[in-house]
>>> print(open('run23.csv').read())   # CSV, C-alpha atoms and all ligand atoms
chain,number,residue,atom,x,y,z
F,108,MET,CA,18.0,0.7,-19.5
F,109,ASP,CA,18.2,4.0,-21.5
F,110,GLY,CA,14.9,4.2,-23.3
F,111,TYR,CA,12.1,2.6,-25.2
F,112,LEU,CA,11.0,2.5,-28.8
F,113,SER,CA,7.5,2.0,-30.0
F,114,MET,CA,6.9,1.1,-33.7
F,115,SER,CA,4.3,2.4,-36.1
F,116,LYS,CA,3.8,0.6,-39.4
F,117,SER,CA,2.0,1.5,-42.6
F,118,LYS,CA,0.5,-1.4,-44.6
F,119,LYS,CA,-0.8,-1.8,-48.1
F,120,ALA,CA,-2.9,-4.7,-49.3
F,121,GLN,CA,-1.8,-6.2,-52.6
F,122,LYS,CA,-4.6,-8.6,-52.9
F,123,LYS,CA,-7.2,-10.1,-50.7
F,124,ASP,CA,-5.7,-11.6,-47.5
F,125,GLU,CA,-2.2,-10.3,-48.4
F,126,ILE,CA,-0.5,-7.6,-46.5
F,127,GLN,CA,2.8,-6.1,-47.6
F,128,LEU,CA,4.8,-3.8,-45.4
F,129,GLU,CA,5.4,-0.6,-47.3
F,130,GLY,CA,7.4,1.2,-44.7
F,131,VAL,CA,8.3,1.2,-41.1
F,132,PHE,CA,8.3,4.3,-39.0
F,133,LEU,CA,9.8,4.3,-35.5
F,134,GLN,CA,8.5,6.7,-32.9
F,135,PRO,CA,11.1,7.0,-30.1
F,136,HIS,CA,10.0,7.8,-26.6
F,137,ARG,CA,12.4,9.0,-23.9
F,138,GLY,CA,12.2,6.5,-21.2
F,139,GLY,CA,15.4,6.5,-19.2
F,140,LEU,CA,15.3,6.7,-15.4
F,141,GLN,CA,16.0,10.4,-15.5
F,142,ASP,CA,13.3,11.0,-18.1
F,143,VAL,CA,10.6,9.2,-16.1
F,144,SER,CA,11.7,10.9,-12.9
F,145,ALA,CA,11.6,14.4,-14.3
F,146,ARG,CA,8.0,14.9,-13.4
F,147,LEU,CA,8.6,13.9,-9.8
F,148,PRO,CA,11.6,16.0,-8.7
F,149,PHE,CA,10.4,16.0,-5.2
F,150,LEU,CA,10.6,12.2,-4.9
F,151,ALA,CA,14.4,12.1,-5.2
F,152,GLY,CA,15.8,8.9,-3.8
F,153,MET,CA,12.7,6.8,-4.2
F,154,ASN,CA,14.6,4.6,-6.7
F,155,ASN,CA,17.1,3.5,-4.0
F,156,LYS,CA,14.4,2.6,-1.5
F,157,LYS,CA,12.7,-0.7,-0.6
F,158,VAL,CA,9.1,-0.9,0.8
F,159,SER,CA,7.7,-4.1,2.2
F,160,LEU,CA,4.0,-3.9,1.6
F,161,ILE,CA,1.9,-6.4,3.7
F,162,GLY,CA,-1.7,-7.0,2.5
F,163,LEU,CA,-3.0,-6.5,-1.0
F,164,GLY,CA,-6.7,-5.8,-0.6
F,165,CYS,CA,-8.5,-2.7,-1.6
F,166,LEU,CA,-6.0,-0.6,0.4
F,167,GLY,CA,-2.7,-2.3,-0.3
F,168,ALA,CA,-3.1,-3.1,-4.0
F,169,PRO,CA,-3.6,0.5,-5.2
F,170,CYS,CA,-0.7,1.5,-2.9
F,171,ALA,CA,1.5,-1.0,-4.7
F,172,LEU,CA,0.6,0.5,-8.1
F,173,GLU,CA,1.1,4.1,-6.9
F,174,LEU,CA,4.5,3.3,-5.3
F,175,ALA,CA,5.6,1.9,-8.6
F,176,ARG,CA,4.4,5.0,-10.4
F,177,SER,CA,6.3,7.0,-7.9
F,178,GLY,CA,9.5,5.3,-8.8
F,179,ILE,CA,10.1,3.0,-5.8
F,180,GLY,CA,13.2,0.9,-6.4
F,181,GLN,CA,12.1,-2.3,-4.8
F,182,LEU,CA,8.7,-3.5,-3.7
F,183,HIS,CA,8.3,-6.6,-1.7
F,184,LEU,CA,4.6,-7.8,-1.7
F,185,VAL,CA,3.3,-10.0,1.0
F,186,ASP,CA,-0.1,-11.7,0.7
F,187,ASP,CA,-1.6,-15.1,0.2
F,188,ASP,CA,-5.0,-14.3,-1.2
F,189,THR,CA,-6.5,-14.7,-4.7
F,190,VAL,CA,-8.6,-12.3,-6.7
F,191,ASP,CA,-12.3,-12.9,-6.1
F,192,LEU,CA,-15.1,-11.7,-8.4
F,193,GLY,CA,-17.0,-10.2,-5.5
F,194,THR,CA,-14.1,-8.0,-4.4
F,195,THR,CA,-13.3,-6.6,-7.8
F,196,VAL,CA,-15.7,-3.8,-7.1
F,197,ARG,CA,-12.8,-2.2,-5.1
F,198,TRP,CA,-9.7,-3.9,-6.5
F,199,PRO,CA,-7.6,-2.4,-9.3
F,200,PHE,CA,-8.1,-5.4,-11.7
F,201,GLY,CA,-11.3,-7.2,-12.7
F,202,SER,CA,-12.7,-10.4,-13.9
F,203,SER,CA,-9.8,-11.4,-16.1
F,204,GLU,CA,-7.7,-12.0,-13.0
F,205,ILE,CA,-10.2,-14.1,-11.0
F,206,GLY,CA,-8.5,-17.0,-9.2
F,207,ASN,CA,-5.0,-15.6,-9.6
F,208,TYR,CA,-2.8,-14.7,-6.6
F,209,LYS,CA,-2.9,-11.0,-5.9
F,210,VAL,CA,0.9,-11.0,-5.5
F,211,ASP,CA,1.3,-12.5,-9.0
F,212,VAL,CA,-1.2,-10.1,-10.7
F,213,LEU,CA,0.5,-7.0,-9.2
F,214,GLU,CA,4.0,-8.3,-9.8
F,215,ARG,CA,3.3,-9.0,-13.5
F,216,PHE,CA,1.6,-5.7,-14.1
F,217,ILE,CA,4.3,-3.6,-12.4
F,218,GLN,CA,7.2,-5.5,-14.0
F,219,GLU,CA,5.6,-5.0,-17.5
F,220,ASN,CA,4.8,-1.4,-17.0
F,221,TYR,CA,7.2,0.1,-14.5
F,222,PRO,CA,10.6,-1.5,-15.3
F,223,TYR,CA,12.5,0.6,-12.7
F,224,THR,CA,10.6,-1.1,-9.9
F,225,ASN,CA,11.9,-4.5,-8.9
F,226,VAL,CA,9.1,-6.6,-7.4
F,227,THR,CA,9.7,-9.6,-5.1
F,228,LYS,CA,7.0,-11.5,-3.2
F,229,SER,CA,6.1,-13.7,-0.3
F,230,PHE,CA,2.9,-15.9,0.0
F,231,CYS,CA,2.1,-15.1,3.6
F,232,ASN,CA,-0.8,-14.3,5.8
F,233,LEU,CA,0.2,-13.6,9.3
F,234,GLY,CA,-3.4,-13.2,10.4
F,235,ILE,CA,-4.3,-16.9,10.2
F,236,ALA,CA,-2.7,-20.2,10.7
F,237,PRO,CA,-0.1,-21.0,7.9
F,238,LEU,CA,-1.6,-22.2,4.7
F,239,ASP,CA,1.3,-21.8,2.4
F,240,PRO,CA,0.6,-22.6,-1.2
F,241,ILE,CA,4.3,-22.9,-2.0
F,242,GLY,CA,5.3,-25.2,0.8
F,243,ASP,CA,5.5,-25.3,4.5
F,244,SER,CA,7.9,-22.5,5.2
F,245,ASN,CA,7.6,-20.5,8.4
F,246,HIS,CA,5.7,-17.3,7.5
F,247,LEU,CA,7.2,-15.3,10.4
F,248,GLU,CA,10.7,-16.2,9.4
F,249,GLU,CA,9.9,-15.2,5.8
F,250,VAL,CA,8.6,-11.8,6.8
F,251,GLU,CA,11.6,-11.3,9.1
F,252,ARG,CA,13.9,-12.0,6.1
F,253,VAL,CA,11.9,-9.5,4.0
F,254,PHE,CA,12.3,-6.8,6.7
F,255,GLN,CA,16.1,-7.0,6.7
F,256,GLU,CA,16.7,-4.6,3.8
F,257,SER,CA,13.5,-2.6,4.0
F,258,ASP,CA,13.4,1.2,4.4
F,259,LEU,CA,9.7,1.1,5.3
F,260,VAL,CA,7.2,-1.5,6.6
F,261,PHE,CA,3.9,-0.6,5.0
F,262,ASP,CA,1.1,-2.5,6.7
F,263,ALA,CA,-2.1,-2.6,4.8
F,264,SER,CA,-3.3,-5.9,6.4
F,265,ALA,CA,-6.2,-4.1,8.2
F,266,ASN,CA,-5.8,-6.8,10.8
F,267,LEU,CA,-5.2,-5.6,14.4
F,268,ASN,CA,-3.2,-8.7,15.4
F,269,VAL,CA,-1.0,-8.3,12.3
F,270,ASN,CA,-0.6,-4.6,13.1
F,271,HIS,CA,0.6,-5.5,16.6
F,272,LEU,CA,3.1,-8.1,15.3
F,273,LEU,CA,4.5,-6.1,12.5
F,274,SER,CA,4.9,-2.9,14.5
F,275,ASP,CA,6.8,-4.9,17.1
F,276,LEU,CA,9.0,-6.5,14.5
F,277,ALA,CA,9.7,-3.1,12.9
F,278,GLN,CA,10.5,-1.5,16.2
F,279,GLU,CA,13.0,-4.3,17.0
F,280,ARG,CA,14.8,-3.6,13.7
F,281,GLN,CA,14.6,0.1,14.0
F,282,LEU,CA,12.5,0.4,10.8
F,283,PRO,CA,9.8,3.0,10.0
F,284,TYR,CA,6.4,1.5,10.3
F,285,LEU,CA,3.2,2.8,8.6
F,286,ALA,CA,-0.3,1.3,8.8
F,287,ILE,CA,-3.5,2.2,7.1
F,288,THR,CA,-7.0,1.1,7.9
F,289,VAL,CA,-10.5,1.8,6.6
F,290,THR,CA,-13.8,1.8,8.6
F,291,TYR,CA,-17.0,0.0,7.8
F,292,GLY,CA,-18.7,1.5,4.8
F,293,ALA,CA,-15.4,3.2,4.0
F,294,TRP,CA,-16.8,6.2,5.7
F,295,GLY,CA,-13.3,7.0,6.9
F,296,GLY,CA,-9.9,5.6,7.9
F,297,HIS,CA,-6.7,5.9,9.9
F,298,ILE,CA,-3.1,6.3,9.1
F,299,VAL,CA,-0.4,5.9,11.8
F,300,ARG,CA,3.4,6.0,11.4
F,301,VAL,CA,6.2,5.2,13.8
F,302,ARG,CA,9.7,6.4,12.9
F,303,PRO,CA,12.5,5.2,15.1
F,304,GLY,CA,14.2,8.0,16.8
F,305,LYS,CA,11.7,10.6,15.6
F,306,THR,CA,8.2,9.5,16.6
F,307,VAL,CA,7.9,9.8,20.4
F,308,GLY,CA,5.2,7.2,21.0
F,309,CYS,CA,4.8,3.6,19.7
F,310,TRP,CA,2.0,1.7,17.9
F,311,GLN,CA,0.6,0.6,21.3
F,312,CYS,CA,0.6,4.2,22.5
F,313,TYR,CA,-1.5,5.0,19.5
F,314,ARG,CA,-4.0,2.2,20.3
F,315,ARG,CA,-4.2,3.4,23.9
F,316,PHE,CA,-5.0,7.0,22.8
F,317,LEU,CA,-7.6,5.6,20.4
F,318,ASP,CA,-9.2,2.9,22.6
F,319,GLY,CA,-8.6,4.3,26.0
F,320,ASP,CA,-9.1,8.0,26.5
F,321,GLN,CA,-10.0,8.6,22.9
F,322,THR,CA,-7.6,11.6,22.7
F,323,ILE,CA,-7.3,10.3,19.1
F,324,PRO,CA,-10.9,9.8,17.8
F,325,TYR,CA,-12.2,7.0,15.7
F,326,ALA,CA,-13.1,7.8,12.1
F,327,HIS,CA,-16.8,7.4,11.5
F,328,GLY,CA,-18.0,4.0,10.3
F,329,ASP,CA,-21.3,2.5,9.0
F,330,PRO,CA,-22.9,0.6,11.9
F,331,ARG,CA,-24.5,-1.7,9.3
F,332,GLY,CA,-21.3,-2.0,7.4
F,333,LEU,CA,-20.6,-5.7,7.7
F,334,VAL,CA,-22.2,-8.2,5.3
F,335,GLN,CA,-21.7,-11.8,4.4
F,336,PRO,CA,-22.6,-12.4,0.8
F,337,GLY,CA,-23.6,-15.8,-0.4
F,338,GLY,CA,-20.5,-18.0,-1.0
F,339,CYS,CA,-18.3,-15.8,1.3
F,340,GLY,CA,-16.9,-17.8,4.2
F,341,THR,CA,-16.4,-14.8,6.5
F,342,PRO,CA,-18.2,-11.5,6.8
F,343,THR,CA,-16.8,-8.6,4.9
F,344,TYR,CA,-17.3,-4.9,5.1
F,345,THR,CA,-19.2,-2.7,2.7
F,346,GLY,CA,-17.5,0.2,1.0
F,347,ALA,CA,-16.7,1.7,-2.4
F,348,GLY,CA,-13.3,1.6,-3.9
F,349,PHE,CA,-13.3,5.3,-4.6
F,350,ASP,CA,-13.8,6.0,-0.9
F,351,ALA,CA,-11.1,3.5,0.2
F,352,LEU,CA,-8.7,5.1,-2.2
F,353,GLU,CA,-8.7,8.3,-0.2
F,354,ILE,CA,-7.2,6.5,2.7
F,355,ALA,CA,-4.9,4.4,0.6
F,356,MET,CA,-3.5,7.5,-1.2
F,357,GLY,CA,-3.1,9.3,2.1
F,358,GLY,CA,-0.9,6.3,3.1
F,359,VAL,CA,1.2,6.6,0.0
F,360,ARG,CA,1.7,10.3,0.6
F,361,MET,CA,2.9,9.5,4.1
F,362,ALA,CA,5.2,6.7,2.7
F,363,ALA,CA,6.7,9.2,0.2
F,364,SER,CA,7.3,11.7,2.9
F,365,THR,CA,9.0,9.1,5.2
F,366,LEU,CA,11.1,7.6,2.4
F,367,THR,CA,12.5,10.9,1.1
F,368,GLU,CA,12.8,12.9,4.4
F,369,ASN,CA,16.6,12.7,4.4
F,370,GLU,CA,16.9,13.6,0.7
F,371,GLN,CA,17.8,17.1,-0.5
F,372,ASN,CA,14.7,17.1,-2.8
F,373,GLY,CA,12.2,15.1,-0.8
F,374,TYR,CA,8.5,15.1,-0.4
F,375,PRO,CA,7.4,17.5,2.4
F,376,THR,CA,7.8,16.2,5.9
F,377,THR,CA,5.1,16.4,8.6
F,378,PRO,CA,5.3,16.9,12.4
F,379,TRP,CA,2.4,14.5,12.9
F,380,ASP,CA,2.4,10.8,12.6
F,381,VAL,CA,-1.4,10.0,13.0
F,382,ALA,CA,-4.2,11.1,10.6
F,383,VAL,CA,-7.9,10.4,11.1
F,384,ILE,CA,-9.8,10.9,7.8
F,385,ASN,CA,-13.6,11.2,7.5
F,386,LEU,CA,-15.5,11.1,4.2
F,387,ARG,CA,-18.9,10.9,5.9
F,388,ASN,CA,-20.3,12.4,9.1
F,389,ALA,CA,-21.6,10.4,12.0
F,390,THR,CA,-25.0,9.9,10.3
F,391,GLY,CA,-23.6,8.9,7.0
F,392,GLU,CA,-23.9,12.2,5.1
F,393,MET,CA,-21.2,12.9,2.5
F,394,ILE,CA,-18.7,15.6,3.6
F,395,PRO,CA,-15.6,17.0,2.0
F,396,PRO,CA,-12.7,14.7,3.0
F,397,HIS,CA,-11.8,15.9,6.5
F,398,TRP,CA,-8.4,15.2,8.0
F,399,GLN,CA,-7.4,15.5,11.6
F,400,THR,CA,-3.7,15.0,12.4
F,401,PHE,CA,-2.0,14.3,15.7
F,402,PRO,CA,1.6,13.9,16.9
F,403,LEU,CA,2.1,10.4,18.4
F,404,GLN,CA,3.2,11.0,22.0
F,405,LYS,CA,3.9,8.4,24.7
F,406,HIS,CA,0.8,7.2,26.5
F,407,PRO,CA,1.4,7.1,30.2
F,408,GLY,CA,-0.1,3.6,30.4
F,409,CYS,CA,2.0,2.1,27.7
F,410,ALA,CA,4.7,-0.5,28.4
F,411,CYS,CA,7.2,1.6,26.4
F,412,VAL,CA,6.9,4.3,29.2
F,413,LYS,CA,7.5,1.7,31.9
F,414,LYS,CA,10.6,0.5,30.2
F,415,LEU,CA,12.3,3.9,30.7
S,1,ZN,ZN,4.2,3.0,23.7
>>> encode(input="run23.csv", output="structure tokens")
Amino acid sequence: MDGYLSMSKSKKAQKKDEIQLEGVFLQPHRGGLQDVSARLPFLAGMNNKKVSLIGLGCLGAPCALELARSGIGQLHLVDDDTVDLGTTVRWPFGSSEIGNYKVDVLERFIQENYPYTNVTKSFCNLGIAPLDPIGDSNHLEEVERVFQESDLVFDASANLNVNHLLSDLAQERQLPYLAITVTYGAWGGHIVRVRPGKTVGCWQCYRRFLDGDQTIPYAHGDPRGLVQPGGCGTPTYTGAGFDALEIAMGGVRMAASTLTENEQNGYPTTPWDVAVINLRNATGEMIPPHWQTFPLQKHPGCACVKKL
């Protein structure tokens, strides 16, 4: 595709209820791939990359949109949830999309507005027993198929069991793995990345540093940050979209860095693979976004050390 044309028309009414076209003016816009990429010279190569994005909640959905704006060539969206009115307070689209599958909403919007990004999708939720709306396919097999050609597994599922599973699958296939999570109240969040051959530790090392000796600290969270609104089958966390976006966009920055690190004009690389972000202090007062970063080393108690 070389470009786009938008059309402006002037009209003149001859009589009531009659419109006659007097002239047509075409306003051309430069819209070729090089044109739309010109403002992002540091994202060279994004158009040749594929990201598998798992989870399209308040973290994953804005990441999908921002990856499309950043010129990602292929985006595979994995989710099985529908848009709920209650969650539109922190989701990119509102009441007009209630009841629609999140993968369908995002696919449609991206394909209509960002034609250089090809979107594919899987109706999967690896965190619960299979409830496949399109049949009885094996979800794990579907995700494994999705992984085959991916350059990055971007895990926004915010589910510890899914994190564990996907990080293992990515490690087996020697694929970069990136996960983002947000705390209760969206007071803060975490980003962790594992790059085969570059990151020293693994996802389980990260969890041991976090849960065990707390060498990596937890971001602050609201102790009252879990609610169960009427009509909601399971408890959900409180938190504003504009706070969650800080963590989501941090994840996209890390994704851009990872995807372009072997390009001549790539996004800056980082020596760290873990970021802990706080937007509030421990008592809930607002603070300027505060990042702490850590290299991901091997944890002496992790099984990956014992394998050596
Ligand atoms: Zn490990």
>>> residues_near_ligand(input="run23.csv", ligand="ligand ZN 1 (chain S)", cutoff="12 Å", atoms="all atoms listed in the file", output="mmCIF file with C-alpha atoms, in the coordinates of the input")
data_model
loop_
_atom_site.group_PDB
_atom_site.id
_atom_site.type_symbol
_atom_site.label_atom_id
_atom_site.label_comp_id
_atom_site.auth_asym_id
_atom_site.auth_seq_id
_atom_site.Cartn_x
_atom_site.Cartn_y
_atom_site.Cartn_z
ATOM 1 C CA HIS F 271 0.600 -5.500 16.600
ATOM 2 C CA SER F 274 4.900 -2.900 14.500
ATOM 3 C CA ASP F 275 6.800 -4.900 17.100
ATOM 4 C CA GLN F 278 10.500 -1.500 16.200
ATOM 5 C CA VAL F 301 6.200 5.200 13.800
ATOM 6 C CA THR F 306 8.200 9.500 16.600
ATOM 7 C CA VAL F 307 7.900 9.800 20.400
ATOM 8 C CA GLY F 308 5.200 7.200 21.000
ATOM 9 C CA CYS F 309 4.800 3.600 19.700
ATOM 10 C CA TRP F 310 2.000 1.700 17.900
ATOM 11 C CA GLN F 311 0.600 0.600 21.300
ATOM 12 C CA CYS F 312 0.600 4.200 22.500
ATOM 13 C CA TYR F 313 -1.500 5.000 19.500
ATOM 14 C CA ARG F 314 -4.000 2.200 20.300
ATOM 15 C CA ARG F 315 -4.200 3.400 23.900
ATOM 16 C CA PHE F 316 -5.000 7.000 22.800
ATOM 17 C CA LEU F 403 2.100 10.400 18.400
ATOM 18 C CA GLN F 404 3.200 11.000 22.000
ATOM 19 C CA LYS F 405 3.900 8.400 24.700
ATOM 20 C CA HIS F 406 0.800 7.200 26.500
ATOM 21 C CA PRO F 407 1.400 7.100 30.200
ATOM 22 C CA GLY F 408 -0.100 3.600 30.400
ATOM 23 C CA CYS F 409 2.000 2.100 27.700
ATOM 24 C CA ALA F 410 4.700 -0.500 28.400
ATOM 25 C CA CYS F 411 7.200 1.600 26.400
ATOM 26 C CA VAL F 412 6.900 4.300 29.200
ATOM 27 C CA LYS F 413 7.500 1.700 31.900
ATOM 28 C CA LYS F 414 10.600 0.500 30.200
ATOM 29 C CA LEU F 415 12.300 3.900 30.700
#
>>> residues_around(input="run23.csv", residues="Ile287 in chain F", least_positions_apart="2", cutoff="8 Å", atoms="all atoms listed in the file", output="count of residues only")
13
>>> atom_distance(input="run23.csv", atom1="CA of Arg176 in chain F", atom2="CA of Tyr344 in chain F")
28.4 Å
>>> closest_residue(input="run23.csv", among="F:Leu276, F:Ala145, F:Leu184, F:Leu352", to="Lys157 in chain F", atoms="only C-alpha atoms")
F:Leu184
>>> closest_residue(input="run23.csv", among="F:Lys156, F:Lys228, F:His327, F:His183", to="Met393 in chain F", atoms="all atoms listed in the file")
F:His327
>>> residues_around(input="run23.csv", residues="Gly178 in chain F", least_positions_apart="4", cutoff="7 Å", atoms="all atoms listed in the file", output="list of chain:residue names")
F:Met153, F:Asn154, F:Leu174, F:Tyr223, F:Thr224
>>> write_last_selection(input="run23.csv", atoms="C-alpha atoms", output="PDB file, in the frame of the given file")
ATOM      1  CA  MET F 153      12.700   6.800  -4.200  1.00  0.00           C
ATOM      2  CA  ASN F 154      14.600   4.600  -6.700  1.00  0.00           C
ATOM      3  CA  LEU F 174       4.500   3.300  -5.300  1.00  0.00           C
ATOM      4  CA  TYR F 223      12.500   0.600 -12.700  1.00  0.00           C
ATOM      5  CA  THR F 224      10.600  -1.100  -9.900  1.00  0.00           C
TER       6      THR F 224
END
>>> atom_distance(input="run23.csv", atom1="CA of Asn220 in chain F", atom2="CA of Ile161 in chain F")
21.5 Å
>>> atom_distance(input="run23.csv", atom1="CA of Leu273 in chain F", atom2="CA of Val381 in chain F")
17.2 Å
>>> residues_around(input="run23.csv", residues="Val269 in chain F", least_positions_apart="3", cutoff="7 Å", atoms="all atoms listed in the file", output="MDAnalysis selection string")
chainID F and resid 233:234 264 266 272:273
>>> closest_residue(input="run23.csv", among="F:Pro169, F:Pro324, F:Gly162, F:Pro395", to="Thr189 in chain F", atoms="all atoms listed in the file")
F:Gly162
